[in-house]
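*Asks:* Coordinates in protein01.txt, compact mmCIF, C-alpha atoms and all ligand atoms, are listed below.
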```txt
# COMPACT_ATOMS: atom_id res chain seq x y z
CA MET A 815 -5.56 2.55 18.66
CA ASN A 816 -3.91 -0.34 20.48
CA GLY A 817 -2.60 0.06 23.98
CA CYS A 818 1.06 -0.48 24.85
CA LYS A 819 1.86 -4.17 25.16
CA LEU A 820 4.80 -3.45 27.45
CA CYS A 821 3.21 -1.32 30.18
CA GLY A 822 -0.49 -1.54 29.27
CA SER A 823 -0.93 2.23 28.97
CA GLU A 824 -3.58 3.57 26.59
CA ARG A 825 -1.58 6.78 26.12
CA VAL A 826 -0.13 5.87 22.76
CA GLY A 827 0.62 8.47 20.12
CA ALA A 828 0.71 7.87 16.38
CA LEU A 829 3.66 9.37 14.48
CA SER A 830 5.18 9.00 11.06
CA ASP A 831 8.60 9.47 9.57
CA ALA A 832 9.70 9.94 5.98
CA GLN A 833 11.85 6.95 5.09
CA GLN A 834 14.02 6.46 2.02
CA ILE A 835 13.50 3.21 0.20
CA ARG A 836 15.61 1.88 -2.65
CA TYR A 837 13.58 0.34 -5.42
CA LYS A 838 15.18 -0.62 -8.75
CA SER A 839 17.04 2.57 -9.78
CA PHE A 840 14.74 4.78 -7.67
CA ARG A 841 15.06 6.28 -4.24
CA LEU A 842 11.53 6.56 -2.93
CA GLU A 843 10.48 8.62 0.05
CA VAL A 844 7.59 7.09 1.95
CA ASP A 845 5.91 8.27 5.14
CA LEU A 846 5.83 5.30 7.48
CA ALA A 847 3.61 5.26 10.55
CA TYR A 848 4.60 4.07 14.02
CA SER A 849 3.42 4.41 17.58
CA VAL A 850 5.07 5.70 20.73
CA CYS A 851 3.87 4.91 24.23
CA LYS A 852 3.78 8.17 26.19
CA ALA A 853 4.05 6.29 29.47
CA CYS A 854 7.12 4.07 28.91
CA GLY A 855 8.54 5.45 25.66
CA ARG A 856 8.33 2.15 23.79
CA GLU A 857 8.20 2.57 20.01
CA PHE A 858 6.32 0.00 17.99
CA VAL A 859 4.45 -0.47 14.74
CA ALA A 860 0.84 -1.53 15.28
CA THR A 861 -0.75 -4.17 13.04
CA GLU A 862 -2.93 -1.57 11.33
CA GLN A 863 0.14 0.63 10.77
CA ILE A 864 2.06 -2.29 9.22
CA ARG A 865 -0.80 -2.77 6.76
CA LYS A 866 -0.90 0.96 5.93
CA ASN A 867 2.88 1.15 5.60
CA ASP A 868 2.89 -1.83 3.22
CA GLN A 869 0.26 -0.08 1.11
CA ALA A 870 2.21 3.21 1.16
CA ILE A 871 5.37 1.40 -0.03
CA LEU A 872 3.39 -0.42 -2.71
CA ALA A 873 1.83 2.89 -3.85
CA ALA A 874 5.26 4.53 -4.11
CA LYS A 875 6.60 1.58 -6.15
CA ARG A 876 3.50 1.60 -8.34
CA HIS A 877 4.00 5.33 -8.96
CA ALA A 878 7.71 4.82 -9.75
CA ASP A 879 6.77 2.10 -12.25
CA GLY A 880 4.24 4.43 -13.89
CA LEU A 881 1.33 2.13 -13.09
CA LEU A 882 -2.24 3.26 -12.48
CA SER A 883 -3.32 4.00 -8.92
CA PRO A 884 -6.16 2.00 -7.30
CA LYS A 885 -8.58 4.91 -7.95
CA GLU A 886 -7.53 5.14 -11.60
CA ILE A 887 -8.03 1.40 -12.06
CA ARG A 888 -11.52 1.58 -10.58
CA ARG A 889 -12.40 4.60 -12.72
CA ALA A 890 -11.17 2.88 -15.89
CA ARG A 891 -13.10 -0.29 -15.05
CA GLU A 892 -16.27 1.69 -14.37
CA VAL A 893 -15.92 3.68 -17.61
CA LEU A 894 -15.83 0.32 -19.41
CA GLY A 895 -18.97 -0.72 -17.50
CA LEU A 896 -17.31 -3.84 -16.10
CA THR A 897 -17.79 -5.55 -12.77
CA GLN A 898 -14.63 -6.56 -10.91
CA HIS A 899 -15.23 -10.20 -11.89
CA LYS A 900 -15.80 -9.36 -15.55
CA ALA A 901 -12.66 -7.19 -15.63
CA ALA A 902 -10.63 -10.07 -14.14
CA GLU A 903 -12.03 -12.42 -16.80
CA LEU A 904 -10.97 -10.04 -19.56
CA PHE A 905 -7.63 -8.83 -18.24
CA GLY A 906 -6.53 -11.78 -16.16
CA GLY A 907 -4.80 -11.65 -12.81
CA GLY A 908 -7.17 -14.03 -11.03
CA ARG A 909 -10.75 -13.96 -9.79
CA ASN A 910 -10.20 -11.34 -7.05
CA ALA A 911 -7.50 -9.35 -8.86
CA PHE A 912 -9.48 -6.16 -9.33
CA SER A 913 -10.80 -6.00 -5.79
CA LYS A 914 -7.16 -6.30 -4.63
CA TYR A 915 -5.89 -3.73 -7.14
CA GLU A 916 -8.63 -1.28 -6.20
CA ARG A 917 -7.96 -1.68 -2.46
CA GLY A 918 -4.25 -1.14 -3.14
CA GLU A 919 -3.36 -4.53 -1.63
CA ILE A 920 -1.33 -5.69 -4.60
CA ALA A 921 0.11 -3.94 -7.63
CA GLN A 922 -0.95 -4.98 -11.07
CA SER A 923 1.82 -6.11 -13.38
CA GLY A 924 2.71 -3.72 -16.17
CA ALA A 925 2.29 -4.50 -19.84
CA ARG A 926 5.24 -6.53 -21.11
CA GLN A 927 7.93 -4.23 -22.46
CA VAL A 928 9.94 -4.91 -25.60
CA ASN A 929 13.13 -3.62 -23.99
CA PRO A 930 12.82 -4.18 -20.24
CA ARG A 931 15.10 -1.97 -18.15
ZN ZN B 1001 4.19 1.61 27.45
```
The structure in this file should be written as structure tokens.
Ligand SMILES: [Zn+2]
*Replies:*
Amino acid sequence: MNGCKLCGSERVGALSDAQQIRYKSFRLEVDLAYSVCKACGREFVATEQIRKNDQAILAAKRHADGLLSPKEIRRAREVLGLTQHKAAELFGGGRNAFSKYERGEIAQSGARQVNPR
């Protein structure tokens, strides 16, 4: 945990709040993390929390779109007996696509729909 950049205190608590996010026609509820300094009361979002929040938002959007989760992608790839590189060669998305999908850093694109919403 990072200390407070304002007063330098190490007494920083981690909290989270459910936030509503609009995405396409959905209203998604995502728990977003933030920090509060117990010494000076400053609220901030630490770098690690920004990364986690981005992933939580991405996961909620992925779920709303009906896409596979990172775990499901890894399981499917492993069932097929493919390495991440081999899977990227077959399915596209770029050389490091599957390592990014499986870490939840980026969402895969869905199959092209005949009648997109
Ligand atoms: Zn402080």
*Asks:* Can you tell me which residues sit at most 7 Å away from ligand ZN 1001 (chain B), counting only C-alpha atoms and all ligand atoms, written as a list in words?
*Replies:*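 Using only C-alpha atoms and all ligand atoms, everything at most 7 Å from ligand ZN 1001 (chain B) comes to Cys818, Lys819, Leu820, Cys821, Gly822, Ser823, Cys851, Lys852, Ala853, Cys854, Gly855 and Arg856 of chain A.
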*Asks:* Need to verify the contact set: Gln898 in chain A, 7 Å, all atoms listed in the file, exclusion of same-chain residues closer than 3 positions in sequence. Can you return it as a VMD selection string?
*Replies:* chain A and resid 901 to 902 912 to 913
*Asks:* Set the distance at 12 Å and use all atoms listed in the file: which residues neighbour Gly907 in chain A once local chain neighbours fewer than 3 positions away are removed? I'd like the list as a ChimeraX atom specification.
*Replies:* /A:898-904,910-915,920-924
*Asks:* With only C-alpha atoms as the basis for distance, which of A:Glu892, A:Glu919, A:Asp868, A:Glu886 is at the shortest distance from Asp845 in chain A?
*Replies:*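 Looking at the shortest contact to Asp845 in chain A, the residue is A:Asp868.
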*Asks:* So how many Å separate CA of Tyr848 in chain A and CA of Pro884 in chain A, to one decimal?
*Replies:*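 Going from CA of Tyr848 in chain A over to CA of Pro884 in chain A, I get 24.0 Å.
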*Asks:* Which polymer residues have any atom within 12 Å of an atom of Ala874 in chain A, counting only C-alpha atoms, with same-chain residues fewer than 2 positions away left out, as an MDAnalysis selection string?
*Replies:* chainID A and resid 833:837 840:846 867:872 876:883 918 921
*Asks:* Calculate, to one decimal in Å, the centre and edge lengths of the box along x, y and z of the file that holds all listed atoms of range 913-925 of chain A with 8 Å of margin on each side, and present them as AutoDock Vina command-line options.
*Replies:*
```
--center_x -4.0 --center_y -3.7 --center_z -10.7 --size_x 29.5 --size_y 21.2 --size_z 34.2
```
*Asks:* Could you check which of A:Ala925, A:Val826, A:Asp831, A:Arg909 is closest to Ala860 in chain A, using all atoms listed in the file?
*Replies:*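 Answer, going by the shortest atom-to-atom distance: A:Val826.
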*Asks:* Just the number, please: distance in Å from CA of Gln863 in chain A to CA of Lys875 in chain A, one decimal.
*Replies:* 18.1 Å
*Asks:* Identify which of the residues A:Ala847, A:Lys866, A:Glu916, A:Val893 lies closest to Gly827 in chain A, counting only C-alpha atoms when measuring atom-to-atom distances.
*Replies:*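 Among the listed residues, A:Ala847 lies closest to Gly827 in chain A.
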*Asks:* Measuring atom to atom with only C-alpha atoms, identify which of A:Ser830, A:Gly908, A:Ala873, A:Val859 is nearest to Lys885 in chain A.
*Replies:* A:Ala873
*Asks:* So how far away is CA of Arg917 in chain A from CA of Ser839 in chain A, in Å?
*Replies:*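 CA of Arg917 in chain A lies at a distance of 26.4 Å from CA of Ser839 in chain A.
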